[in-house]
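J.: The structure that follows is given in the form of structure tokens.
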Amino acid sequence: MIKAVRGTRDLLPPDTDLWNQVEEKVRDVFARYNFHEIRTPVFEDTSLFARGVGEDTDIVTKEMFTWEDKGKAASEKSQSLTLRPENTAGVVRAYIEHGLDKKGTLQKLYYIGPQFRRERPQKGRYRQFYQIGAEIIGPPSAGSESPARDAEVLEMLATLLDEVGLRGWQLQLNSVGCTEDRARYNEALREALKPVVHQMCADCQRRAETNPLRVLDCKVPEDQPIIEKLPKMSQYLDEPCREHFSAVRSMLDAVGVPYTINERMVRGLDYYTRTTFEFTHGDLGAQSAVLGGGRYDGLSESLDGPKAPGIGFAIGEDRLILALQAEGVSSKEKLDAYIAPLGAGMNQHALKLARELRRAGVTADIGDETFRLKKSFEAAEKAGAKYIVIVGENEAASDEFAVKELATGKQEQVARAELVGYLRH
Ligand code: ATP
Ligand code: MG
């Protein structure tokens, strides 16, 4: 038997109803904040991610699905291609490629789609997973650098999570400063790690050499007391970065979005500057981050684009759904009516009635004239219908139908003209 590939999975009903409900709500929220959808390709030139996400990030060194695509025609060059591990690099590539900076305004773009990383599969971590993300990017003259953008994005996320019905979320906030701040902080960490790193895990020993900031990410319990004593990022922020961060915090306080400062939160992608954040949820176990994001003021330029500061986030949709389900949220989809044709020749009458009801907005399923009444009732129960509508010879002739509410057993004769109102009340 052929099975779904390790780390991938099928999403089936009724789960997909919840996925769709979340996506509908999310699109509605994005529209109210004047975000518009962008759809970028699922695969891109490998160098986009190498340069965009960062050469020595986990994603680029270990997790990408990359292949050499040989040109078919002699004129076509072979090219290294990669399934997108994230979508910000693709959005910024599109921003540059289509000269969106020339519009002179802020681009507020959102996407929903699959991403691919070759990670160890476990709960909340898959090789094909789905992200719902958004970016605000534009020339500085359009306000792209303003801390107000950071606050707007964070306030929108709080609203979005509230509206999809998630309750137990926590916003973890940090500033990783600008490139120069991070270089100085990395240096300070390297120094501070020298005398202690030999007591730490193998990963930390490697990170202390290549990218000391990553040590803060370590989850090994024995390493934690050492990490707690390391210098803190906030001590290395320059004045403009410090002011930016303080403005973001004041605005969040003003609009009433609660947050926790977490100076150890270093995100897994190299492009972040200044504000970084995660929204976590207690019911997700080890994979507690429902979403992550931050500012990326230099990303466009590192991809040979114009100066285009920006800020964005990606929600892990798989984890958002897991968190919602852990809180007992399920889809509100329901079947109004099950139409049961009773006796030979009744299929066409049932189909005609179903057509009228469905076109009027009633959700209806339909049985078959070969079913006995008992089987129709069982099918209606299984389908989760609120009502069963019997279509027998008498009903078809009189245009009045026997309608039974399955939960209560209450049965009434309802005229054809009244049926839509009756089934939807
Ligand atoms: P993690 O802490 O889980 O490694 P990350 O820092 O690699 O996350 P980002 O690249 O910032 O994550 O992606 C944003 C969000 O996408 C994460 O917060 C998470 O919800 C989700 N996500 C990332 N990788 C996966 C995955 N392999 N499977 C499912 N969801 C994922
Ligand atoms: Mg990761």
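Order determines the names: the first chain of the structure tokens is A, the second B, and so forth; residues in each chain are numbered 1 upward, and ligands are numbered 1 upward as they are shown.
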Need to verify the contact set: region 157-162 of chain A, 8 Å, only C-alpha atoms, exclusion of same-chain residues closer than 6 positions in sequence. Can you return it as a short mmCIF file (atom, residue, chain, number, x, y, z; two decimals) with N, CA and C atoms, in the first residue's frame?

T.:
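Saved the output as out07.cif:
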```cif
data_model
loop_
_atom_site.label_atom_id
_atom_site.label_comp_id
_atom_site.auth_asym_id
_atom_site.auth_seq_id
_atom_site.Cartn_x
_atom_site.Cartn_y
_atom_site.Cartn_z
N VAL A 26 -9.94 34.69 8.82
CA VAL A 26 -8.67 35.38 8.66
C VAL A 26 -8.70 36.34 7.46
N VAL A 29 -10.58 39.38 8.48
CA VAL A 29 -9.78 40.28 9.32
C VAL A 29 -8.78 41.04 8.45
N VAL A 257 -2.98 45.64 24.27
CA VAL A 257 -2.57 44.28 23.88
C VAL A 257 -1.50 43.81 24.86
#
```

J.: Output as a tab-separated table one row per residue of chain A within 9 Å of ligand 1: the closest atom pair and its distance in Å to one decimal place, counting only C-alpha atoms and all ligand atoms, sorted by chain and residue number ascending.

T.:
```
residue	atom	partner	partner_atom_place_in_ligand_line	distance
A:Gly7	CA	ligand 1	27 (N)	8.5
A:Asp58	CA	ligand 1	7 (O)	8.4
A:Ile59	CA	ligand 1	7 (O)	7.7
A:Pro85	CA	ligand 1	10 (O)	7.8
A:Glu86	CA	ligand 1	10 (O)	6.5
A:Gln115	CA	ligand 1	25 (C)	8.2
A:Phe116	CA	ligand 1	27 (N)	7.3
A:Arg117	CA	ligand 1	27 (N)	5.9
A:Arg118	CA	ligand 1	27 (N)	7.6
A:Glu119	CA	ligand 1	27 (N)	6.1
A:Arg120	CA	ligand 1	27 (N)	8.0
A:Pro121	CA	ligand 1	27 (N)	7.3
A:Gln122	CA	ligand 1	28 (N)	8.4
A:Lys123	CA	ligand 1	28 (N)	8.3
A:Gly124	CA	ligand 1	29 (C)	5.1
A:Arg125	CA	ligand 1	28 (N)	3.3
A:Tyr126	CA	ligand 1	28 (N)	4.0
A:Arg127	CA	ligand 1	27 (N)	5.4
A:Gln128	CA	ligand 1	28 (N)	6.9
A:Phe129	CA	ligand 1	29 (C)	4.9
A:Tyr130	CA	ligand 1	30 (N)	6.8
A:Gln131	CA	ligand 1	16 (O)	6.0
A:Ile132	CA	ligand 1	16 (O)	8.5
A:Gly133	CA	ligand 1	14 (C)	8.5
A:Val266	CA	ligand 1	6 (O)	8.5
A:Arg267	CA	ligand 1	6 (O)	5.5
A:Gly268	CA	ligand 1	6 (O)	4.8
A:Leu269	CA	ligand 1	10 (O)	6.8
A:Glu278	CA	ligand 1	18 (O)	6.7
A:Phe279	CA	ligand 1	18 (O)	7.6
A:Thr280	CA	ligand 1	18 (O)	8.0
A:Ala286	CA	ligand 1	3 (O)	8.4
A:Gln287	CA	ligand 1	3 (O)	5.3
A:Ser288	CA	ligand 1	3 (O)	7.3
A:Ala289	CA	ligand 1	18 (O)	4.4
A:Val290	CA	ligand 1	20 (O)	4.0
A:Leu291	CA	ligand 1	18 (O)	3.5
A:Gly292	CA	ligand 1	11 (O)	4.4
A:Gly293	CA	ligand 1	11 (O)	6.0
A:Gly294	CA	ligand 1	11 (O)	9.0
A:Phe313	CA	ligand 1	14 (C)	7.1
A:Ala314	CA	ligand 1	14 (C)	4.6
A:Ile315	CA	ligand 1	15 (C)	5.0
A:Gly316	CA	ligand 1	20 (O)	3.3
A:Glu317	CA	ligand 1	20 (O)	6.8
A:Asp318	CA	ligand 1	29 (C)	5.9
A:Arg319	CA	ligand 1	20 (O)	5.6
A:Leu320	CA	ligand 1	20 (O)	7.3
```

J.: Taking the chain letters and numbering used in this document, name the residues of region 155-300 of chain A that DSSP puts in strand (DSSP E), as a compact mmCIF listing (two decimals) with all heavy atoms, in the first residue's frame.

T.:
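out33.txt, freshly written:
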```
# COMPACT_ATOMS: atom_id res chain seq x y z
N TRP A 169 -3.64 32.48 24.32
CA TRP A 169 -2.38 32.86 23.68
C TRP A 169 -1.61 33.87 24.51
O TRP A 169 -2.16 34.56 25.35
CB TRP A 169 -2.60 33.41 22.27
CG TRP A 169 -3.56 34.57 22.16
CD1 TRP A 169 -4.88 34.50 21.84
CD2 TRP A 169 -3.27 35.96 22.38
NE1 TRP A 169 -5.43 35.76 21.84
CE2 TRP A 169 -4.47 36.67 22.17
CE3 TRP A 169 -2.12 36.67 22.73
CZ2 TRP A 169 -4.55 38.07 22.30
CZ3 TRP A 169 -2.21 38.05 22.87
CH2 TRP A 169 -3.41 38.74 22.64
N GLN A 170 -0.30 33.90 24.25
CA GLN A 170 0.60 34.82 24.95
C GLN A 170 1.53 35.43 23.93
O GLN A 170 2.12 34.71 23.13
CB GLN A 170 1.46 34.01 25.92
CG GLN A 170 1.03 34.07 27.35
CD GLN A 170 2.24 33.98 28.26
OE1 GLN A 170 3.22 33.31 27.91
NE2 GLN A 170 2.19 34.65 29.38
N LEU A 171 1.67 36.73 23.97
CA LEU A 171 2.60 37.42 23.05
C LEU A 171 3.95 37.59 23.73
O LEU A 171 4.06 38.20 24.79
CB LEU A 171 2.01 38.78 22.65
CG LEU A 171 2.95 39.81 22.01
CD1 LEU A 171 3.68 39.25 20.80
CD2 LEU A 171 2.17 41.06 21.62
N GLN A 172 4.98 37.01 23.11
CA GLN A 172 6.36 37.15 23.60
C GLN A 172 7.06 38.13 22.67
O GLN A 172 7.09 37.93 21.46
CB GLN A 172 7.12 35.82 23.49
CG GLN A 172 6.34 34.63 23.96
CD GLN A 172 6.69 34.24 25.37
OE1 GLN A 172 7.74 34.64 25.88
NE2 GLN A 172 5.83 33.49 26.01
N LEU A 173 7.63 39.17 23.26
CA LEU A 173 8.17 40.28 22.47
C LEU A 173 9.64 40.49 22.77
O LEU A 173 10.07 40.35 23.90
CB LEU A 173 7.36 41.52 22.84
CG LEU A 173 7.46 42.76 21.98
CD1 LEU A 173 6.97 42.48 20.57
CD2 LEU A 173 6.64 43.89 22.62
N ASN A 174 10.38 40.85 21.73
CA ASN A 174 11.80 41.15 21.94
C ASN A 174 12.26 42.13 20.87
O ASN A 174 11.55 42.37 19.89
CB ASN A 174 12.62 39.85 21.87
CG ASN A 174 14.04 40.02 22.38
OD1 ASN A 174 14.35 40.99 23.08
ND2 ASN A 174 14.92 39.10 22.02
N SER A 175 13.44 42.71 21.08
CA SER A 175 14.07 43.46 20.00
C SER A 175 15.47 42.88 19.80
O SER A 175 16.21 42.73 20.77
CB SER A 175 14.18 44.94 20.33
OG SER A 175 14.94 45.58 19.32
N THR A 260 4.65 39.85 26.94
CA THR A 260 5.74 39.57 27.87
C THR A 260 7.04 39.82 27.12
O THR A 260 7.17 39.38 25.98
CB THR A 260 5.73 38.08 28.28
OG1 THR A 260 4.39 37.70 28.54
CG2 THR A 260 6.59 37.82 29.48
N ILE A 261 7.97 40.50 27.75
CA ILE A 261 9.29 40.67 27.12
C ILE A 261 10.07 39.39 27.33
O ILE A 261 10.18 38.89 28.45
CB ILE A 261 10.05 41.87 27.74
CG1 ILE A 261 9.24 43.17 27.59
CG2 ILE A 261 11.43 41.99 27.13
CD1 ILE A 261 9.12 43.66 26.18
N THR A 273 15.34 42.21 12.17
CA THR A 273 15.95 43.37 12.82
C THR A 273 14.92 43.93 13.80
O THR A 273 13.72 43.76 13.61
CB THR A 273 16.27 44.48 11.79
OG1 THR A 273 15.07 44.78 11.06
CG2 THR A 273 17.34 44.05 10.81
N ARG A 274 15.40 44.59 14.82
CA ARG A 274 14.52 45.26 15.79
C ARG A 274 13.44 44.33 16.34
O ARG A 274 13.74 43.26 16.86
CB ARG A 274 13.92 46.52 15.17
CG ARG A 274 15.02 47.54 14.86
CD ARG A 274 14.49 48.91 14.52
NE ARG A 274 15.56 49.90 14.60
CZ ARG A 274 15.44 51.16 14.24
NH1 ARG A 274 14.29 51.62 13.79
NH2 ARG A 274 16.46 51.97 14.36
N THR A 275 12.16 44.68 16.16
CA THR A 275 11.07 43.93 16.82
C THR A 275 10.97 42.49 16.32
O THR A 275 10.88 42.26 15.12
CB THR A 275 9.73 44.64 16.55
OG1 THR A 275 9.89 46.03 16.81
CG2 THR A 275 8.63 44.06 17.42
N THR A 276 10.98 41.54 17.25
CA THR A 276 10.67 40.15 16.90
C THR A 276 9.65 39.65 17.91
O THR A 276 9.57 40.16 19.03
CB THR A 276 11.91 39.23 16.97
OG1 THR A 276 12.49 39.37 18.27
CG2 THR A 276 12.93 39.57 15.91
N PHE A 277 8.86 38.67 17.50
CA PHE A 277 7.80 38.22 18.41
C PHE A 277 7.35 36.81 18.07
O PHE A 277 7.58 36.31 16.97
CB PHE A 277 6.60 39.17 18.33
CG PHE A 277 6.07 39.38 16.94
CD1 PHE A 277 5.14 38.51 16.37
CD2 PHE A 277 6.52 40.44 16.16
CE1 PHE A 277 4.67 38.71 15.07
CE2 PHE A 277 6.05 40.65 14.86
CZ PHE A 277 5.13 39.78 14.32
N GLU A 278 6.75 36.20 19.07
CA GLU A 278 6.07 34.92 18.89
C GLU A 278 4.77 34.99 19.69
O GLU A 278 4.73 35.64 20.73
CB GLU A 278 6.92 33.76 19.40
CG GLU A 278 8.01 33.35 18.44
CD GLU A 278 8.85 32.17 18.92
OE1 GLU A 278 8.60 31.65 20.03
OE2 GLU A 278 9.79 31.80 18.19
N PHE A 279 3.76 34.31 19.20
CA PHE A 279 2.56 34.08 20.01
C PHE A 279 2.60 32.60 20.36
O PHE A 279 2.66 31.75 19.47
CB PHE A 279 1.28 34.40 19.24
CG PHE A 279 0.97 35.87 19.15
CD1 PHE A 279 1.77 36.73 18.40
CD2 PHE A 279 -0.14 36.40 19.79
CE1 PHE A 279 1.47 38.08 18.30
CE2 PHE A 279 -0.45 37.76 19.69
CZ PHE A 279 0.36 38.60 18.94
N THR A 280 2.60 32.31 21.65
CA THR A 280 2.68 30.91 22.08
C THR A 280 1.33 30.48 22.68
O THR A 280 0.49 31.32 23.00
CB THR A 280 3.79 30.72 23.13
OG1 THR A 280 3.57 31.65 24.18
CG2 THR A 280 5.15 30.97 22.52
N HIS A 281 1.20 29.15 22.81
CA HIS A 281 -0.03 28.61 23.38
C HIS A 281 0.32 27.41 24.25
O HIS A 281 1.07 26.54 23.83
CB HIS A 281 -1.00 28.19 22.26
CG HIS A 281 -2.37 27.89 22.76
ND1 HIS A 281 -2.72 26.68 23.29
CD2 HIS A 281 -3.48 28.68 22.83
CE1 HIS A 281 -4.00 26.73 23.66
NE2 HIS A 281 -4.49 27.91 23.39
N ALA A 289 5.00 27.54 19.71
CA ALA A 289 4.82 28.78 18.95
C ALA A 289 3.74 28.62 17.89
O ALA A 289 3.88 27.84 16.96
CB ALA A 289 6.14 29.20 18.31
N VAL A 290 2.65 29.36 18.05
CA VAL A 290 1.58 29.35 17.05
C VAL A 290 2.00 30.19 15.85
O VAL A 290 1.62 29.91 14.72
CB VAL A 290 0.27 29.92 17.63
CG1 VAL A 290 -0.83 29.96 16.59
CG2 VAL A 290 -0.18 29.11 18.83
N LEU A 291 2.78 31.22 16.12
CA LEU A 291 3.22 32.08 15.02
C LEU A 291 4.48 32.81 15.42
O LEU A 291 4.80 32.94 16.61
CB LEU A 291 2.12 33.09 14.67
CG LEU A 291 1.79 34.19 15.67
CD1 LEU A 291 2.60 35.47 15.41
CD2 LEU A 291 0.31 34.52 15.62
N GLY A 292 5.19 33.28 14.43
CA GLY A 292 6.39 34.06 14.69
C GLY A 292 6.55 35.14 13.65
O GLY A 292 6.00 35.03 12.54
N GLY A 293 7.28 36.17 14.02
CA GLY A 293 7.49 37.21 13.03
C GLY A 293 8.42 38.28 13.53
O GLY A 293 9.01 38.17 14.61
N GLY A 294 8.53 39.34 12.75
CA GLY A 294 9.39 40.45 13.14
C GLY A 294 9.67 41.37 11.98
O GLY A 294 9.15 41.19 10.87
N ARG A 295 10.51 42.34 12.27
CA ARG A 295 10.89 43.35 11.30
C ARG A 295 12.08 42.84 10.47
O ARG A 295 12.88 42.04 10.96
CB ARG A 295 11.29 44.58 12.12
CG ARG A 295 11.31 45.85 11.38
CD ARG A 295 11.31 47.04 12.32
NE ARG A 295 10.00 47.69 12.24
CZ ARG A 295 9.55 48.32 11.15
NH1 ARG A 295 10.28 48.38 10.05
NH2 ARG A 295 8.36 48.87 11.15
```

J.: Can you work out which one of A:Asn34, A:Ser144, A:Thr57, A:Thr46 has the shortest atom-to-atom distance to ligand 2, counting only C-alpha atoms and all ligand atoms?

T.: A:Thr57

J.: Just want the 10 Å neighbourhood of Arg84 (chain A), counted on only C-alpha atoms, with same-chain residues fewer than 6 positions away dropped. Output as a list in words.

T.: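 Once the adjacent positions are removed, what remains is Thr40, Pro41, Val42, Phe43, Glu44, Asp45, Thr46, Leu48, Phe49, Met64, Phe65, Thr66, Gly90, Pro114, Gln115, Phe116 and Arg117 of chain A.
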
J.: Give the alpha helix (DSSP H) residues of region 112-298 of chain A, as assigned by DSSP on the backbone, as a PyMOL selection string.

T.: chain A and resi 147-164+179-193+202-210+224-228+239-255

J.: Excluding Val91 (chain A) and residues on its chain fewer than 5 positions from it, collect all residues at most 9 Å away from it, counting only C-alpha atoms, and give them as number ranges by chain.

T.: A: 38-40, 96, 109, 111, 135

J.: Got time to write the residues from that selection, all heavy atoms, as a CSV table (one decimal), in the first residue's frame?

T.:
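What follows is the written file result.csv:
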```csv
chain,number,residue,atom,x,y,z
A,38,ILE,N,-1.4,38.0,-1.8
A,38,ILE,CA,-0.4,37.7,-2.8
A,38,ILE,C,-0.2,36.2,-2.9
A,38,ILE,O,-0.3,35.5,-1.9
A,38,ILE,CB,1.0,38.5,-2.5
A,38,ILE,CG1,2.0,38.2,-3.5
A,38,ILE,CG2,1.5,38.1,-1.1
A,38,ILE,CD1,3.3,39.1,-3.4
A,39,ARG,N,0.0,35.7,-4.1
A,39,ARG,CA,0.3,34.3,-4.3
A,39,ARG,C,1.6,34.1,-5.0
A,39,ARG,O,1.7,34.5,-6.2
A,39,ARG,CB,-0.9,33.6,-5.0
A,39,ARG,CG,-2.2,33.7,-4.3
A,39,ARG,CD,-3.2,32.8,-5.0
A,39,ARG,NE,-4.6,33.1,-4.4
A,39,ARG,CZ,-5.6,32.3,-4.6
A,39,ARG,NH1,-5.5,31.2,-5.2
A,39,ARG,NH2,-6.8,32.7,-4.0
A,40,THR,N,2.6,33.6,-4.3
A,40,THR,CA,3.9,33.4,-5.0
A,40,THR,C,4.0,31.9,-5.3
A,40,THR,O,3.3,31.1,-4.7
A,40,THR,CB,5.0,33.9,-4.1
A,40,THR,OG1,5.1,33.1,-2.9
A,40,THR,CG2,4.8,35.4,-3.7
A,96,ILE,N,10.3,43.3,-5.3
A,96,ILE,CA,11.4,43.8,-6.1
A,96,ILE,C,11.1,43.6,-7.6
A,96,ILE,O,11.2,44.6,-8.4
A,96,ILE,CB,12.7,43.2,-5.7
A,96,ILE,CG1,13.0,43.4,-4.2
A,96,ILE,CG2,13.9,43.7,-6.5
A,96,ILE,CD1,14.1,42.6,-3.6
A,109,LEU,N,0.4,42.9,2.3
A,109,LEU,CA,0.1,41.7,1.6
A,109,LEU,C,0.0,40.5,2.5
A,109,LEU,O,0.7,40.4,3.5
A,109,LEU,CB,1.3,41.5,0.6
A,109,LEU,CG,1.7,42.6,-0.3
A,109,LEU,CD1,3.0,42.4,-1.0
A,109,LEU,CD2,0.6,42.7,-1.4
A,111,TYR,N,-0.7,36.0,2.6
A,111,TYR,CA,-0.7,34.8,1.9
A,111,TYR,C,-1.2,33.7,2.8
A,111,TYR,O,-1.1,33.7,4.0
A,111,TYR,CB,0.7,34.5,1.4
A,111,TYR,CG,1.8,34.4,2.5
A,111,TYR,CD1,1.9,33.2,3.2
A,111,TYR,CD2,2.5,35.5,2.8
A,111,TYR,CE1,2.8,33.1,4.3
A,111,TYR,CE2,3.5,35.4,3.9
A,111,TYR,CZ,3.6,34.2,4.6
A,111,TYR,OH,4.5,34.1,5.6
A,135,GLU,N,2.7,40.7,5.4
A,135,GLU,CA,3.8,41.6,5.4
A,135,GLU,C,3.4,43.0,5.2
A,135,GLU,O,2.4,43.3,4.4
A,135,GLU,CB,4.8,41.3,4.2
A,135,GLU,CG,5.1,39.8,4.0
A,135,GLU,CD,5.9,39.1,5.0
A,135,GLU,OE1,6.5,39.8,5.9
A,135,GLU,OE2,5.9,37.8,5.0
```

J.: Which residues come within 10 Å of Glu209 (chain A), counting only C-alpha atoms, excluding same-chain residues fewer than 6 positions away, as a ChimeraX atom specification?

T.: /A:190,193-194,197

J.: For the selection just defined, write its residues with C-alpha atoms to a file, as an mmCIF file, in the first residue's frame.

T.:
```cif
data_model
loop_
_atom_site.group_PDB
_atom_site.id
_atom_site.type_symbol
_atom_site.label_atom_id
_atom_site.label_comp_id
_atom_site.auth_asym_id
_atom_site.auth_seq_id
_atom_site.Cartn_x
_atom_site.Cartn_y
_atom_site.Cartn_z
ATOM 1 C CA ARG A 190 31.306 34.900 22.218
ATOM 2 C CA LEU A 193 30.821 31.884 26.384
ATOM 3 C CA LYS A 194 34.572 31.228 26.166
ATOM 4 C CA VAL A 197 31.102 26.692 26.681
#
```

J.: Under the rule that only C-alpha atoms are counted, which of A:Gly54, A:Gly71, A:Gly409, A:Gly367 is the nearest residue to Tyr387 (chain A)?

T.: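 The answer is A:Gly409, which sits nearest to Tyr387 (chain A).
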
J.: Which residues are near Cys218 (chain A)? Cut-off 12 Å, only C-alpha atoms, ignore same chain within fewer than 3 positions. Put them as JSON, numbers by chain.

T.: {"A": [200, 201, 202, 203, 204, 205, 206, 207, 208, 212, 213, 214, 215, 221, 222, 223, 224, 225, 226, 227, 228, 264, 265, 266, 267, 268]}

J.: I need the residues from that last selection saved to file as a short mmCIF file (atom, residue, chain, number, x, y, z; two decimals), in the first residue's frame (with N, CA, C and O atoms), if you can.

T.:
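Contents of again-v3.cif, freshly written:
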```cif
data_model
loop_
_atom_site.label_atom_id
_atom_site.label_comp_id
_atom_site.auth_asym_id
_atom_site.auth_seq_id
_atom_site.Cartn_x
_atom_site.Cartn_y
_atom_site.Cartn_z
N MET A 200 28.85 22.97 28.05
CA MET A 200 27.54 22.99 27.40
C MET A 200 27.40 21.88 26.35
O MET A 200 28.34 21.16 26.06
N CYS A 201 26.17 21.77 25.79
CA CYS A 201 25.89 20.70 24.83
C CYS A 201 26.67 20.91 23.52
O CYS A 201 27.18 22.00 23.26
N ALA A 202 26.73 19.87 22.72
CA ALA A 202 27.53 19.91 21.49
C ALA A 202 27.03 20.99 20.54
O ALA A 202 27.82 21.70 19.91
N ASP A 203 25.70 21.13 20.47
CA ASP A 203 25.12 22.15 19.60
C ASP A 203 25.60 23.54 20.01
O ASP A 203 25.99 24.36 19.17
N CYS A 204 25.57 23.79 21.33
CA CYS A 204 25.99 25.10 21.82
C CYS A 204 27.47 25.35 21.53
O CYS A 204 27.86 26.47 21.20
N GLN A 205 28.29 24.29 21.65
CA GLN A 205 29.73 24.46 21.38
C GLN A 205 29.94 24.89 19.93
O GLN A 205 30.78 25.74 19.65
N ARG A 206 29.14 24.30 19.04
CA ARG A 206 29.24 24.68 17.64
C ARG A 206 28.71 26.11 17.42
O ARG A 206 29.35 26.94 16.80
N ARG A 207 27.53 26.38 18.03
CA ARG A 207 26.92 27.70 17.86
C ARG A 207 27.81 28.81 18.41
O ARG A 207 27.87 29.91 17.85
N ALA A 208 28.49 28.53 19.52
CA ALA A 208 29.35 29.54 20.12
C ALA A 208 30.40 30.02 19.13
O ALA A 208 30.85 31.16 19.18
N PRO A 212 26.82 32.76 17.93
CA PRO A 212 26.58 32.67 19.37
C PRO A 212 25.15 33.01 19.79
O PRO A 212 24.64 32.47 20.78
N LEU A 213 24.47 33.88 19.01
CA LEU A 213 23.09 34.25 19.32
C LEU A 213 22.19 33.01 19.45
O LEU A 213 21.26 32.96 20.25
N ARG A 214 22.50 32.00 18.65
CA ARG A 214 21.68 30.77 18.61
C ARG A 214 21.74 29.99 19.92
O ARG A 214 20.87 29.16 20.18
N VAL A 215 22.78 30.26 20.72
CA VAL A 215 22.90 29.58 22.02
C VAL A 215 21.66 29.86 22.87
O VAL A 215 21.19 29.00 23.62
N PRO A 221 18.24 21.26 29.40
CA PRO A 221 18.05 21.76 30.78
C PRO A 221 19.36 22.14 31.48
O PRO A 221 19.43 23.19 32.14
N GLU A 222 20.41 21.32 31.34
CA GLU A 222 21.68 21.58 32.04
C GLU A 222 22.32 22.89 31.61
O GLU A 222 23.10 23.49 32.34
N ASP A 223 22.00 23.34 30.37
CA ASP A 223 22.62 24.56 29.85
C ASP A 223 21.94 25.83 30.35
O ASP A 223 22.50 26.93 30.26
N GLN A 224 20.71 25.68 30.86
CA GLN A 224 19.90 26.86 31.17
C GLN A 224 20.53 27.81 32.20
O GLN A 224 20.54 29.02 31.98
N PRO A 225 21.08 27.29 33.32
CA PRO A 225 21.68 28.23 34.29
C PRO A 225 22.82 29.04 33.68
O PRO A 225 22.99 30.22 34.01
N ILE A 226 23.57 28.42 32.79
CA ILE A 226 24.67 29.14 32.13
C ILE A 226 24.11 30.24 31.23
O ILE A 226 24.59 31.38 31.24
N ILE A 227 23.08 29.89 30.48
CA ILE A 227 22.51 30.86 29.53
C ILE A 227 21.89 32.04 30.27
O ILE A 227 22.02 33.19 29.84
N GLU A 228 21.26 31.76 31.41
CA GLU A 228 20.65 32.85 32.20
C GLU A 228 21.66 33.92 32.59
O GLU A 228 21.31 35.08 32.75
N ARG A 264 15.28 36.18 25.49
CA ARG A 264 15.97 35.00 24.94
C ARG A 264 15.36 34.54 23.63
O ARG A 264 15.82 33.58 23.04
N MET A 265 14.30 35.22 23.22
CA MET A 265 13.65 34.77 21.99
C MET A 265 14.45 35.25 20.77
O MET A 265 14.40 36.41 20.40
N VAL A 266 15.24 34.34 20.21
CA VAL A 266 15.94 34.67 18.96
C VAL A 266 15.26 33.84 17.89
O VAL A 266 15.00 32.67 18.06
N ARG A 267 14.91 34.44 16.82
CA ARG A 267 14.14 33.73 15.82
C ARG A 267 15.08 33.01 14.86
O ARG A 267 16.23 33.37 14.73
N GLY A 268 14.54 31.99 14.19
CA GLY A 268 15.38 31.11 13.38
C GLY A 268 15.80 31.63 12.02
O GLY A 268 16.40 30.89 11.25
#
```

J.: Tell me which protein, DNA and RNA residues are within 9 Å of Trp67 (chain A), counting only C-alpha atoms, leaving out same-chain ones fewer than 5 positions away, and put them as a list in words.

T.: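 Listing them by chain and then by number gives Thr46, Gln79, Ser80, Leu81, Thr82 and Leu83 of chain A.
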